Each structure stands twice: as structure tokens, then as C-alpha cells.
>>> print(open('work.pdb').read())   # PDB, C-alpha atoms
ATOM      1  CA  ASP A  25    -191.045 -40.375 -76.612
ATOM      2  CA  ALA A  26    -190.043 -36.783 -75.919
ATOM      3  CA  LYS A  27    -187.964 -34.961 -78.478
ATOM      4  CA  THR A  28    -184.371 -34.084 -77.664
ATOM      5  CA  THR A  29    -182.081 -31.368 -78.997
ATOM      6  CA  GLN A  30    -178.318 -31.693 -79.070
ATOM      7  CA  PRO A  31    -175.537 -29.668 -80.679
ATOM      8  CA  THR A  32    -174.411 -31.117 -83.974
ATOM      9  CA  SER A  33    -170.744 -31.270 -83.081
ATOM     10  CA  MET A  34    -168.264 -30.509 -80.319
ATOM     11  CA  ASP A  35    -164.529 -30.632 -79.816
ATOM     12  CA  CYS A  36    -162.612 -31.402 -76.659
ATOM     13  CA  ALA A  37    -158.931 -31.704 -75.808
ATOM     14  CA  GLU A  38    -157.626 -35.063 -74.697
ATOM     15  CA  GLY A  39    -157.501 -35.330 -70.908
ATOM     16  CA  ARG A  40    -160.124 -32.630 -70.402
ATOM     17  CA  ALA A  41    -163.707 -33.157 -69.319
ATOM     18  CA  ALA A  42    -166.177 -33.355 -72.183
ATOM     19  CA  ASN A  43    -169.589 -31.918 -71.352
ATOM     20  CA  LEU A  44    -172.354 -32.827 -73.776
ATOM     21  CA  PRO A  45    -175.672 -31.005 -73.340
ATOM     22  CA  CYS A  46    -179.134 -32.213 -74.210
ATOM     23  CA  ASN A  47    -182.451 -30.360 -74.079
ATOM     24  CA  HIS A  48    -185.654 -32.305 -73.496
ATOM     25  CA  SER A  49    -188.135 -29.642 -72.459
ATOM     26  CA  THR A  50    -191.207 -31.810 -73.137
ATOM     27  CA  ILE A  51    -190.097 -34.732 -70.996
ATOM     28  CA  SER A  52    -192.864 -36.313 -68.963
ATOM     29  CA  GLY A  53    -192.723 -37.656 -65.440
ATOM     30  CA  ASN A  54    -192.270 -41.316 -66.338
ATOM     31  CA  GLU A  55    -189.578 -40.791 -68.942
ATOM     32  CA  TYR A  56    -185.921 -41.511 -68.340
ATOM     33  CA  VAL A  57    -182.907 -39.915 -69.981
ATOM     34  CA  TYR A  58    -180.604 -42.438 -71.691
ATOM     35  CA  TRP A  59    -177.271 -41.807 -73.348
ATOM     36  CA  TYR A  60    -175.693 -43.982 -76.017
ATOM     37  CA  ARG A  61    -172.695 -43.469 -78.214
ATOM     38  CA  GLN A  62    -171.643 -44.884 -81.549
ATOM     39  CA  ILE A  63    -168.032 -45.123 -82.525
ATOM     40  CA  HIS A  64    -167.470 -45.162 -86.266
ATOM     41  CA  SER A  65    -168.457 -48.465 -87.919
ATOM     42  CA  GLN A  66    -169.566 -50.030 -84.642
ATOM     43  CA  GLY A  67    -172.926 -50.684 -83.013
ATOM     44  CA  PRO A  68    -174.272 -48.163 -80.495
ATOM     45  CA  GLN A  69    -173.123 -48.566 -76.904
ATOM     46  CA  TYR A  70    -175.176 -47.807 -73.810
ATOM     47  CA  ILE A  71    -173.487 -45.301 -71.507
ATOM     48  CA  ILE A  72    -175.799 -44.261 -68.686
ATOM     49  CA  HIS A  73    -179.361 -43.365 -67.824
ATOM     50  CA  GLY A  74    -181.222 -41.443 -65.123
ATOM     51  CA  LEU A  75    -184.599 -40.178 -63.995
ATOM     52  CA  LYS A  76    -184.027 -37.121 -61.829
ATOM     53  CA  ASN A  77    -180.989 -37.740 -59.667
ATOM     54  CA  ASN A  78    -177.459 -37.333 -60.917
ATOM     55  CA  GLU A  79    -175.870 -40.624 -61.871
ATOM     56  CA  THR A  80    -172.301 -41.825 -62.234
ATOM     57  CA  ASN A  81    -170.783 -45.029 -63.516
ATOM     58  CA  GLU A  82    -167.400 -46.145 -64.761
ATOM     59  CA  MET A  83    -167.932 -44.466 -68.109
ATOM     60  CA  ALA A  84    -169.549 -41.127 -67.367
ATOM     61  CA  SER A  85    -171.662 -38.888 -65.167
ATOM     62  CA  LEU A  86    -175.149 -37.664 -65.937
ATOM     63  CA  ILE A  87    -176.383 -34.383 -64.538
ATOM     64  CA  ILE A  88    -180.125 -33.722 -64.841
ATOM     65  CA  THR A  89    -181.517 -30.283 -64.014
ATOM     66  CA  GLU A  90    -184.079 -29.999 -61.256
ATOM     67  CA  ASP A  91    -186.892 -29.271 -63.730
ATOM     68  CA  ARG A  92    -185.662 -32.223 -65.846
ATOM     69  CA  LYS A  93    -185.815 -30.174 -69.018
ATOM     70  CA  SER A  94    -182.153 -30.629 -69.804
ATOM     71  CA  SER A  95    -179.206 -32.815 -68.936
ATOM     72  CA  THR A  96    -175.447 -33.010 -69.415
ATOM     73  CA  LEU A  97    -173.313 -36.045 -70.039
ATOM     74  CA  ILE A  98    -169.825 -35.659 -68.617
ATOM     75  CA  LEU A  99    -166.829 -37.698 -69.711
ATOM     76  CA  PRO A 100    -164.396 -36.703 -66.962
ATOM     77  CA  HIS A 101    -161.078 -37.375 -68.705
ATOM     78  CA  ALA A 102    -161.713 -37.690 -72.409
ATOM     79  CA  THR A 103    -159.436 -39.911 -74.489
ATOM     80  CA  LEU A 104    -159.080 -40.266 -78.241
ATOM     81  CA  ARG A 105    -161.206 -43.419 -78.028
ATOM     82  CA  ASP A 106    -164.131 -41.314 -76.847
ATOM     83  CA  THR A 107    -164.445 -39.784 -80.317
ATOM     84  CA  ALA A 108    -167.947 -40.848 -81.369
ATOM     85  CA  VAL A 109    -171.506 -39.686 -81.991
ATOM     86  CA  TYR A 110    -173.363 -39.315 -78.703
ATOM     87  CA  TYR A 111    -177.125 -39.749 -78.583
ATOM     88  CA  CYS A 112    -179.452 -38.468 -75.883
ATOM     89  CA  ILE A 113    -182.746 -40.361 -75.773
ATOM     90  CA  VAL A 114    -185.777 -39.828 -73.600
ATOM     91  CA  ARG A 115    -188.096 -42.773 -73.166
ATOM     92  CA  VAL A 116    -190.271 -44.630 -70.764
ATOM     93  CA  TYR A 117    -188.650 -47.323 -68.689
ATOM     94  CA  GLN A 118    -190.521 -50.456 -69.624
ATOM     95  CA  GLY A 119    -191.140 -53.047 -72.206
ATOM     96  CA  ALA A 120    -189.541 -53.982 -75.491
ATOM     97  CA  GLN A 121    -189.281 -50.562 -77.020
ATOM     98  CA  LYS A 122    -187.382 -49.336 -79.997
ATOM     99  CA  LEU A 123    -184.683 -46.752 -79.621
ATOM    100  CA  VAL A 124    -185.235 -43.549 -81.541
ATOM    101  CA  PHE A 125    -181.920 -41.894 -82.239
ATOM    102  CA  GLY A 126    -181.827 -38.291 -83.345
ATOM    103  CA  GLN A 127    -178.802 -36.858 -85.095
ATOM    104  CA  GLY A 128    -176.729 -36.825 -81.909
ATOM    105  CA  THR A 129    -173.572 -34.856 -81.166
ATOM    106  CA  ARG A 130    -170.408 -35.725 -83.023
ATOM    107  CA  LEU A 131    -167.699 -35.403 -80.358
ATOM    108  CA  THR A 132    -164.116 -35.141 -81.522
ATOM    109  CA  ILE A 133    -161.331 -35.534 -78.994
ATOM    110  CA  ASN A 134    -158.198 -33.742 -80.125
ATOM    111  CA  PRO A 135    -154.674 -34.720 -79.039
TER     112      PRO A 135
ATOM    113  CA  ASP B  11    -168.052 -59.806 -70.901
ATOM    114  CA  VAL B  12    -171.592 -59.780 -72.212
ATOM    115  CA  LYS B  13    -171.972 -59.966 -75.932
ATOM    116  CA  VAL B  14    -174.209 -59.647 -78.908
ATOM    117  CA  THR B  15    -172.619 -61.187 -81.962
ATOM    118  CA  GLN B  16    -173.630 -60.984 -85.594
ATOM    119  CA  SER B  17    -172.693 -63.581 -88.155
ATOM    120  CA  SER B  18    -170.895 -61.269 -90.577
ATOM    121  CA  ARG B  19    -169.362 -57.786 -90.487
ATOM    122  CA  TYR B  20    -169.544 -57.374 -94.249
ATOM    123  CA  LEU B  21    -171.747 -59.128 -96.772
ATOM    124  CA  VAL B  22    -172.195 -58.708-100.508
ATOM    125  CA  LYS B  23    -175.217 -60.281-102.199
ATOM    126  CA  ARG B  24    -176.923 -60.085-105.547
ATOM    127  CA  THR B  25    -180.413 -58.818-106.250
ATOM    128  CA  GLY B  26    -182.993 -61.548-105.739
ATOM    129  CA  GLU B  27    -180.894 -63.663-103.393
ATOM    130  CA  LYS B  28    -182.289 -64.837-100.077
ATOM    131  CA  VAL B  29    -180.157 -63.423 -97.276
ATOM    132  CA  PHE B  30    -179.879 -64.589 -93.668
ATOM    133  CA  LEU B  31    -178.455 -62.352 -90.958
ATOM    134  CA  GLU B  32    -177.868 -64.090 -87.658
ATOM    135  CA  CYS B  33    -177.673 -62.560 -84.203
ATOM    136  CA  VAL B  34    -176.779 -64.311 -80.965
ATOM    137  CA  GLN B  35    -176.760 -62.906 -77.430
ATOM    138  CA  ASP B  36    -175.343 -64.526 -74.323
ATOM    139  CA  MET B  37    -177.153 -62.439 -71.705
ATOM    140  CA  ASP B  38    -180.341 -64.514 -71.458
ATOM    141  CA  HIS B  39    -182.297 -61.475 -72.664
ATOM    142  CA  GLU B  40    -185.963 -61.751 -73.496
ATOM    143  CA  ASN B  41    -186.086 -58.910 -76.018
ATOM    144  CA  MET B  42    -184.230 -58.805 -79.311
ATOM    145  CA  PHE B  43    -184.326 -56.219 -82.073
ATOM    146  CA  TRP B  44    -183.272 -55.723 -85.656
ATOM    147  CA  TYR B  45    -182.565 -52.186 -86.877
ATOM    148  CA  ARG B  46    -181.136 -50.752 -90.017
ATOM    149  CA  GLN B  47    -179.091 -47.575 -90.063
ATOM    150  CA  ASP B  48    -178.758 -45.313 -93.062
ATOM    151  CA  PRO B  49    -177.093 -41.901 -93.372
ATOM    152  CA  GLY B  50    -179.513 -39.120 -92.528
ATOM    153  CA  LEU B  51    -182.256 -41.544 -91.490
ATOM    154  CA  GLY B  52    -180.900 -42.725 -88.164
ATOM    155  CA  LEU B  53    -181.862 -46.074 -86.683
ATOM    156  CA  ARG B  54    -185.086 -47.647 -87.932
ATOM    157  CA  LEU B  55    -186.673 -50.670 -86.310
ATOM    158  CA  ILE B  56    -187.431 -53.566 -88.641
ATOM    159  CA  TYR B  57    -188.702 -56.251 -86.268
ATOM    160  CA  PHE B  58    -188.428 -57.145 -82.622
ATOM    161  CA  SER B  59    -189.181 -60.134 -80.453
ATOM    162  CA  TYR B  60    -190.039 -60.241 -76.763
ATOM    163  CA  ASP B  61    -189.997 -64.012 -76.405
ATOM    164  CA  VAL B  62    -189.159 -67.208 -78.220
ATOM    165  CA  LYS B  63    -191.323 -67.670 -81.314
ATOM    166  CA  MET B  64    -192.841 -64.220 -80.777
ATOM    167  CA  LYS B  65    -192.272 -61.383 -83.206
ATOM    168  CA  GLU B  66    -193.623 -57.914 -83.764
ATOM    169  CA  LYS B  67    -193.310 -55.630 -86.774
ATOM    170  CA  GLY B  68    -191.346 -52.478 -86.356
ATOM    171  CA  ASP B  69    -191.499 -49.390 -88.513
ATOM    172  CA  ILE B  70    -190.161 -50.848 -91.761
ATOM    173  CA  PRO B  71    -190.900 -54.605 -91.927
ATOM    174  CA  GLU B  72    -191.605 -54.780 -95.666
ATOM    175  CA  GLY B  73    -189.238 -57.092 -97.488
ATOM    176  CA  TYR B  74    -188.031 -58.704 -94.271
ATOM    177  CA  SER B  75    -188.994 -61.584 -92.034
ATOM    178  CA  VAL B  76    -187.555 -62.881 -88.765
ATOM    179  CA  SER B  77    -187.201 -66.093 -86.851
ATOM    180  CA  ARG B  78    -186.676 -66.719 -83.148
ATOM    181  CA  GLU B  79    -186.590 -70.429 -82.436
ATOM    182  CA  LYS B  80    -184.262 -70.132 -79.452
ATOM    183  CA  LYS B  81    -184.017 -67.419 -76.830
ATOM    184  CA  GLU B  82    -180.453 -66.494 -77.676
ATOM    185  CA  ARG B  83    -180.829 -66.302 -81.456
ATOM    186  CA  PHE B  84    -182.757 -63.868 -83.645
ATOM    187  CA  SER B  85    -182.478 -64.142 -87.401
ATOM    188  CA  LEU B  86    -183.340 -61.526 -90.011
ATOM    189  CA  ILE B  87    -184.267 -62.811 -93.449
ATOM    190  CA  LEU B  88    -184.361 -60.851 -96.672
ATOM    191  CA  GLU B  89    -186.616 -62.991 -98.839
ATOM    192  CA  SER B  90    -185.448 -61.464-102.116
ATOM    193  CA  ALA B  91    -182.695 -58.920-101.653
ATOM    194  CA  SER B  92    -183.013 -55.602-103.444
ATOM    195  CA  THR B  93    -180.557 -52.754-103.887
ATOM    196  CA  ASN B  94    -182.564 -50.515-101.524
ATOM    197  CA  GLN B  95    -181.794 -52.973 -98.748
ATOM    198  CA  THR B  96    -178.141 -52.046 -98.892
ATOM    199  CA  SER B  97    -177.548 -50.797 -95.367
ATOM    200  CA  MET B  98    -175.937 -51.337 -91.976
ATOM    201  CA  TYR B  99    -177.972 -53.876 -90.005
ATOM    202  CA  LEU B 100    -177.793 -53.772 -86.237
ATOM    203  CA  CYS B 101    -179.040 -56.368 -83.808
ATOM    204  CA  ALA B 102    -179.739 -55.516 -80.175
ATOM    205  CA  SER B 103    -181.051 -57.228 -77.073
ATOM    206  CA  SER B 104    -182.444 -56.106 -73.751
ATOM    207  CA  SER B 105    -183.715 -57.715 -70.599
ATOM    208  CA  GLY B 106    -187.456 -58.021 -70.220
ATOM    209  CA  ARG B 107    -187.288 -58.253 -66.468
ATOM    210  CA  LEU B 108    -189.061 -55.498 -64.571
ATOM    211  CA  SER B 109    -185.947 -54.917 -62.499
ATOM    212  CA  SER B 110    -183.819 -54.199 -65.550
ATOM    213  CA  TYR B 111    -182.874 -50.785 -66.784
ATOM    214  CA  ASN B 112    -184.084 -51.626 -70.272
ATOM    215  CA  GLU B 113    -180.858 -50.581 -71.939
ATOM    216  CA  GLN B 114    -180.208 -52.215 -75.278
ATOM    217  CA  PHE B 115    -176.942 -53.955 -76.072
ATOM    218  CA  PHE B 116    -175.924 -53.860 -79.692
ATOM    219  CA  GLY B 117    -173.910 -56.127 -81.911
ATOM    220  CA  PRO B 118    -171.112 -54.787 -84.136
ATOM    221  CA  GLY B 119    -173.386 -54.531 -87.165
ATOM    222  CA  THR B 120    -173.448 -56.146 -90.588
ATOM    223  CA  ARG B 121    -172.808 -53.922 -93.560
ATOM    224  CA  LEU B 122    -174.831 -55.467 -96.370
ATOM    225  CA  THR B 123    -174.339 -54.482 -99.975
ATOM    226  CA  VAL B 124    -176.841 -55.702-102.559
ATOM    227  CA  LEU B 125    -175.612 -55.461-106.133
TER     228      LEU B 125
END
>>> encode(input="work.pdb", output="C-alpha cells")
Amino acid sequence: DAKTTQPTSMDCAEGRAANLPCNHSTISGNEYVYWYRQIHSQGPQYIIHGLKNNETNEMASLIITEDRKSSTLILPHATLRDTAVYYCIVRVYQGAQKLVFGQGTRLTINP
Amino acid sequence: DVKVTQSSRYLVKRTGEKVFLECVQDMDHENMFWYRQDPGLGLRLIYFSYDVKMKEKGDIPEGYSVSREKKERFSLILESASTNQTSMYLCASSSGRLSSYNEQFFGPGTRLTVL
């Protein structure tokens, strides 16, 4: 699985959009970008994934650059409950595969 | 609401005890996983299963065994608990269908302390 690089921490004001970047310059053609988050003392939670098109669901939007070497997770109206560690993972889309979490970005939403 | 449940949120055991951690999913998923999570080490895969009665070793299987007698249930067994097995244990499941997105759904975790 390709390596990803994320900032260690970020802050965002409540009600604002939180934009979390991820670099994955060695991504290969059959690898997808997945985002998970982990709220303190809970199990990780799947957020969204994409291949090359931008994606949106009820939780977030995922913007992937045209060269696919980086992506941004957008939480459009951050709330205090969005405070968590966010993990960007690049992996192939098949089979029973383990998740490899890096250090992630610790996002703090401030009131 | 789909769910992965784990038998305990917190567990305290003594060195040498046999420990059972249970995980149940209600999504009819083929794949199930056991991870442990430790500060600075991230998530590490212990065992996984892609079908009933099937199991595969992950990255750190030593000191653990698993059982999958029914599709919805995946058990992690610590044969003789040791203090270095103190950790957060996370169970996850995912669909094995080719049409799935392969995302993993996690349980709330069991924080095990071995004294």
C-alpha cells in the first residue's frame, strides 16, 4: 500500500469547513483513497473513499487532484463531535486486507 | 443501524489466565478482523477470517488464537495472558462481495489490562 503523509494536527472553528490534506505521491493506478476517523476511546469509523473523481456523502467530501498524488477531506460544517484523529489510507480495492493506519491528523474543533 | 459489537469495553485479567474476546457483526459480512492498537504503534493486525472456519495470521499472531464457528461471530483467544498483551483490541468486519467498497466497520474496542 502506498505511503501517505498528513499533518500531525489541525484546528478548526466550530461551524467552519475543516479541510484535511493528505499526500500520496506514490499511489498506483489501482489504489483507492480511504478516510477513517477515530474519536477518543472508540473504534475507527469509515468516512469516505474515492479513486479519481470527487466524492460526497452525508459525512464529508473528498477531493482528489487530477494526478491523484494528493487529496483533501472536507467536513463542510464542523461540529465539536468531529474532534478526532483522521486517517488517510491508500489501498487496493479488493479482498480481506488489513488497514494500515499512519499517525493521522488530530483535528480539534474549537467552540 | 449496522453494528459490530464486542463483548466487553473494559477487562482486567491476571497473568496466565485464558481470555476470550468476542465480536459479533450483524451485516452478514464475510471478512472479520482482530487488531490491537497501542500508542505510537498504530493498528496492528492479529488475525483475520474471510469465511466460516477459515483464519489467516496477521502481523502479530503470537500468543493469540481465533475461532470462527459462525459467520457473524469471531472470537480472539489469549491462551495465557501476559502483561505485554495489555492493549486496546478492535474487531472489524467487511463485505467480501466484489460489489462492496471494502470498507471496514469497527466495534467500540475492548481495553484489556493484564496484571
>>> residues_around(input="work.pdb", residues="segment 94-102 of chain A", least_positions_apart="4", cutoff="6 Å", atoms="all atoms listed in the file", output="list in words")
Glu38, Gly39, Arg40, Ala41, Ala42, Asn43, Leu44, Pro45, Cys46, Asn47, His48, Ala84, Ser85, Leu86, Ile87, Ile88 and Thr89 of chain A
>>> write_last_selection(input="work.pdb", atoms="C-alpha atoms", output="short mmCIF file (atom, residue, chain, number, x, y, z; two decimals), keeping the file's coordinate frame")
data_model
loop_
_atom_site.label_atom_id
_atom_site.label_comp_id
_atom_site.auth_asym_id
_atom_site.auth_seq_id
_atom_site.Cartn_x
_atom_site.Cartn_y
_atom_site.Cartn_z
CA GLU A 38 -157.63 -35.06 -74.70
CA GLY A 39 -157.50 -35.33 -70.91
CA ARG A 40 -160.12 -32.63 -70.40
CA ALA A 41 -163.71 -33.16 -69.32
CA ALA A 42 -166.18 -33.35 -72.18
CA ASN A 43 -169.59 -31.92 -71.35
CA LEU A 44 -172.35 -32.83 -73.78
CA PRO A 45 -175.67 -31.00 -73.34
CA CYS A 46 -179.13 -32.21 -74.21
CA ASN A 47 -182.45 -30.36 -74.08
CA HIS A 48 -185.65 -32.30 -73.50
CA ALA A 84 -169.55 -41.13 -67.37
CA SER A 85 -171.66 -38.89 -65.17
CA LEU A 86 -175.15 -37.66 -65.94
CA ILE A 87 -176.38 -34.38 -64.54
CA ILE A 88 -180.12 -33.72 -64.84
CA THR A 89 -181.52 -30.28 -64.01
#
>>> closest_residue(input="work.pdb", among="A:Gln121, A:Thr50, A:Asn78, A:Gln66", to="Ser104 of chain B", atoms="all atoms listed in the file")
A:Gln121
>>> axis_aligned_box(input="work.pdb", around="segment 45-59 of chain B", padding_each_side="5 Å", output="lines of an AutoDock Vina configuration file")
center_x = -183.1
center_y = -49.6
center_z = -86.9
size_x = 22.1
size_y = 31.0
size_z = 22.9
>>> resolve_selection(input="work.pdb", expression="the PyMOL selection byres ((chain B) within 8 of (chain A))", output="PDB file with C-alpha atoms, in the coordinates of the input")
ATOM      1  CA  ASN B  41    -186.086 -58.910 -76.018  1.00  0.00           C
ATOM      2  CA  PHE B  43    -184.326 -56.219 -82.073  1.00  0.00           C
ATOM      3  CA  GLY B  50    -179.513 -39.120 -92.528  1.00  0.00           C
ATOM      4  CA  GLY B  52    -180.900 -42.725 -88.164  1.00  0.00           C
ATOM      5  CA  LEU B  53    -181.862 -46.074 -86.683  1.00  0.00           C
ATOM      6  CA  ARG B  54    -185.086 -47.647 -87.932  1.00  0.00           C
ATOM      7  CA  LEU B  55    -186.673 -50.670 -86.310  1.00  0.00           C
ATOM      8  CA  PHE B  58    -188.428 -57.145 -82.622  1.00  0.00           C
ATOM      9  CA  SER B  59    -189.181 -60.134 -80.453  1.00  0.00           C
ATOM     10  CA  TYR B  60    -190.039 -60.241 -76.763  1.00  0.00           C
ATOM     11  CA  LEU B 100    -177.793 -53.772 -86.237  1.00  0.00           C
ATOM     12  CA  SER B 104    -182.444 -56.106 -73.751  1.00  0.00           C
ATOM     13  CA  GLY B 106    -187.456 -58.021 -70.220  1.00  0.00           C
ATOM     14  CA  LEU B 108    -189.061 -55.498 -64.571  1.00  0.00           C
ATOM     15  CA  TYR B 111    -182.874 -50.785 -66.784  1.00  0.00           C
ATOM     16  CA  ASN B 112    -184.084 -51.626 -70.272  1.00  0.00           C
ATOM     17  CA  GLU B 113    -180.858 -50.581 -71.939  1.00  0.00           C
ATOM     18  CA  GLN B 114    -180.208 -52.215 -75.278  1.00  0.00           C
ATOM     19  CA  PHE B 115    -176.942 -53.955 -76.072  1.00  0.00           C
ATOM     20  CA  PHE B 116    -175.924 -53.860 -79.692  1.00  0.00           C
ATOM     21  CA  GLY B 117    -173.910 -56.127 -81.911  1.00  0.00           C
ATOM     22  CA  PRO B 118    -171.112 -54.787 -84.136  1.00  0.00           C
ATOM     23  CA  GLY B 119    -173.386 -54.531 -87.165  1.00  0.00           C
TER      24      GLY B 119
END
>>> resolve_selection(input="work.pdb", expression="the PyMOL selection byres ((chain A and resi 130-132) around 6)", output="ChimeraX atom specification")
/A:33-35,107-109,129,133
>>> residues_around(input="work.pdb", residues="Glu55 of chain A", least_positions_apart="2", cutoff="6 Å", atoms="all atoms listed in the file", output="PDB file with C-alpha atoms, in the coordinates of the input")
ATOM      1  CA  SER A  52    -192.864 -36.313 -68.963  1.00  0.00           C
ATOM      2  CA  GLY A  53    -192.723 -37.656 -65.440  1.00  0.00           C
ATOM      3  CA  ARG A 115    -188.096 -42.773 -73.166  1.00  0.00           C
ATOM      4  CA  VAL A 116    -190.271 -44.630 -70.764  1.00  0.00           C
TER       5      VAL A 116
END
>>> residues_around(input="work.pdb", residues="Ser17 of chain B", least_positions_apart="2", cutoff="12 Å", atoms="all atoms listed in the file", output="VMD selection string")
chain B and resid 14 to 15 19 to 21 29 to 35 83 to 86 99 to 101 117 to 122
>>> write_last_selection(input="work.pdb", atoms="C-alpha atoms", output="PDB file, in the frame of the given file")
ATOM      1  CA  VAL B  14    -174.209 -59.647 -78.908  1.00  0.00           C
ATOM      2  CA  THR B  15    -172.619 -61.187 -81.962  1.00  0.00           C
ATOM      3  CA  ARG B  19    -169.362 -57.786 -90.487  1.00  0.00           C
ATOM      4  CA  TYR B  20    -169.544 -57.374 -94.249  1.00  0.00           C
ATOM      5  CA  LEU B  21    -171.747 -59.128 -96.772  1.00  0.00           C
ATOM      6  CA  VAL B  29    -180.157 -63.423 -97.276  1.00  0.00           C
ATOM      7  CA  PHE B  30    -179.879 -64.589 -93.668  1.00  0.00           C
ATOM      8  CA  LEU B  31    -178.455 -62.352 -90.958  1.00  0.00           C
ATOM      9  CA  GLU B  32    -177.868 -64.090 -87.658  1.00  0.00           C
ATOM     10  CA  CYS B  33    -177.673 -62.560 -84.203  1.00  0.00           C
ATOM     11  CA  VAL B  34    -176.779 -64.311 -80.965  1.00  0.00           C
ATOM     12  CA  GLN B  35    -176.760 -62.906 -77.430  1.00  0.00           C
ATOM     13  CA  ARG B  83    -180.829 -66.302 -81.456  1.00  0.00           C
ATOM     14  CA  PHE B  84    -182.757 -63.868 -83.645  1.00  0.00           C
ATOM     15  CA  SER B  85    -182.478 -64.142 -87.401  1.00  0.00           C
ATOM     16  CA  LEU B  86    -183.340 -61.526 -90.011  1.00  0.00           C
ATOM     17  CA  TYR B  99    -177.972 -53.876 -90.005  1.00  0.00           C
ATOM     18  CA  LEU B 100    -177.793 -53.772 -86.237  1.00  0.00           C
ATOM     19  CA  CYS B 101    -179.040 -56.368 -83.808  1.00  0.00           C
ATOM     20  CA  GLY B 117    -173.910 -56.127 -81.911  1.00  0.00           C
ATOM     21  CA  PRO B 118    -171.112 -54.787 -84.136  1.00  0.00           C
ATOM     22  CA  GLY B 119    -173.386 -54.531 -87.165  1.00  0.00           C
ATOM     23  CA  THR B 120    -173.448 -56.146 -90.588  1.00  0.00           C
ATOM     24  CA  ARG B 121    -172.808 -53.922 -93.560  1.00  0.00           C
ATOM     25  CA  LEU B 122    -174.831 -55.467 -96.370  1.00  0.00           C
TER      26      LEU B 122
END
>>> resolve_selection(input="work.pdb", expression="the PyMOL selection byres ((chain B and resi 26) around 9)", output="PyMOL selection string")
chain B and resi 23-25+27-28+89-92
>>> atom_distance(input="work.pdb", atom1="atom CA of Thr123 of chain B", atom2="atom CA of Lys67 of chain B")
23.1 Å
>>> atom_distance(input="work.pdb", atom1="atom CA of Met98 of chain B", atom2="atom CA of Met83 of chain A")
26.1 Å
>>> atom_distance(input="work.pdb", atom1="atom CA of Asp48 of chain B", atom2="atom CA of Thr32 of chain A")
17.4 Å
>>> decode(input="work.pdb", residues="segment 45-63 of chain A", atoms="N, CA and C atoms", output="PDB file, in the first residue's frame")
ATOM      1  N   PRO A  45      -5.662  17.749   4.545  1.00  0.00           N
ATOM      2  CA  PRO A  45      -4.906  17.304   3.369  1.00  0.00           C
ATOM      3  C   PRO A  45      -4.209  15.969   3.593  1.00  0.00           C
ATOM      4  N   CYS A  46      -3.926  15.314   2.478  1.00  0.00           N
ATOM      5  CA  CYS A  46      -3.178  14.066   2.511  1.00  0.00           C
ATOM      6  C   CYS A  46      -2.362  13.953   1.225  1.00  0.00           C
ATOM      7  N   ASN A  47      -1.073  13.669   1.375  1.00  0.00           N
ATOM      8  CA  ASN A  47      -0.216  13.434   0.214  1.00  0.00           C
ATOM      9  C   ASN A  47       0.017  11.946   0.037  1.00  0.00           C
ATOM     10  N   HIS A  48      -0.117  11.500  -1.192  1.00  0.00           N
ATOM     11  CA  HIS A  48       0.119  10.078  -1.521  1.00  0.00           C
ATOM     12  C   HIS A  48       0.740  10.028  -2.904  1.00  0.00           C
ATOM     13  N   SER A  49       1.952  10.557  -2.994  1.00  0.00           N
ATOM     14  CA  SER A  49       2.599  10.756  -4.297  1.00  0.00           C
ATOM     15  C   SER A  49       2.967   9.451  -4.996  1.00  0.00           C
ATOM     16  N   THR A  50       3.030   8.350  -4.259  1.00  0.00           N
ATOM     17  CA  THR A  50       3.412   7.069  -4.883  1.00  0.00           C
ATOM     18  C   THR A  50       2.207   6.167  -5.160  1.00  0.00           C
ATOM     19  N   ILE A  51       1.031   6.737  -5.146  1.00  0.00           N
ATOM     20  CA  ILE A  51      -0.176   5.955  -5.367  1.00  0.00           C
ATOM     21  C   ILE A  51      -0.149   5.323  -6.753  1.00  0.00           C
ATOM     22  N   SER A  52      -0.624   4.092  -6.836  1.00  0.00           N
ATOM     23  CA  SER A  52      -0.662   3.425  -8.133  1.00  0.00           C
ATOM     24  C   SER A  52      -2.104   3.408  -8.664  1.00  0.00           C
ATOM     25  N   GLY A  53      -2.218   3.020  -9.919  1.00  0.00           N
ATOM     26  CA  GLY A  53      -3.488   3.173 -10.621  1.00  0.00           C
ATOM     27  C   GLY A  53      -4.665   2.413 -10.027  1.00  0.00           C
ATOM     28  N   ASN A  54      -4.389   1.315  -9.341  1.00  0.00           N
ATOM     29  CA  ASN A  54      -5.488   0.504  -8.808  1.00  0.00           C
ATOM     30  C   ASN A  54      -5.718   0.739  -7.316  1.00  0.00           C
ATOM     31  N   GLU A  55      -5.124   1.783  -6.792  1.00  0.00           N
ATOM     32  CA  GLU A  55      -5.289   2.075  -5.373  1.00  0.00           C
ATOM     33  C   GLU A  55      -6.309   3.177  -5.146  1.00  0.00           C
ATOM     34  N   TYR A  56      -7.137   2.964  -4.142  1.00  0.00           N
ATOM     35  CA  TYR A  56      -8.157   3.920  -3.752  1.00  0.00           C
ATOM     36  C   TYR A  56      -7.675   4.720  -2.548  1.00  0.00           C
ATOM     37  N   VAL A  57      -8.265   5.881  -2.369  1.00  0.00           N
ATOM     38  CA  VAL A  57      -8.018   6.690  -1.176  1.00  0.00           C
ATOM     39  C   VAL A  57      -9.204   6.504  -0.233  1.00  0.00           C
ATOM     40  N   TYR A  58      -8.924   6.055   0.989  1.00  0.00           N
ATOM     41  CA  TYR A  58      -9.943   5.878   2.022  1.00  0.00           C
ATOM     42  C   TYR A  58      -9.652   6.844   3.169  1.00  0.00           C
ATOM     43  N   TRP A  59     -10.710   7.308   3.787  1.00  0.00           N
ATOM     44  CA  TRP A  59     -10.566   8.110   5.001  1.00  0.00           C
ATOM     45  C   TRP A  59     -11.356   7.454   6.122  1.00  0.00           C
ATOM     46  N   TYR A  60     -10.708   7.382   7.281  1.00  0.00           N
ATOM     47  CA  TYR A  60     -11.339   6.926   8.516  1.00  0.00           C
ATOM     48  C   TYR A  60     -11.066   7.973   9.585  1.00  0.00           C
ATOM     49  N   ARG A  61     -11.853   7.930  10.624  1.00  0.00           N
ATOM     50  CA  ARG A  61     -11.546   8.758  11.784  1.00  0.00           C
ATOM     51  C   ARG A  61     -11.741   7.931  13.054  1.00  0.00           C
ATOM     52  N   GLN A  62     -11.078   8.378  14.106  1.00  0.00           N
ATOM     53  CA  GLN A  62     -11.189   7.695  15.386  1.00  0.00           C
ATOM     54  C   GLN A  62     -11.390   8.735  16.474  1.00  0.00           C
ATOM     55  N   ILE A  63     -12.566   8.714  17.013  1.00  0.00           N
ATOM     56  CA  ILE A  63     -12.875   9.572  18.158  1.00  0.00           C
ATOM     57  C   ILE A  63     -12.315   8.883  19.402  1.00  0.00           C
TER      58      ILE A  63
END
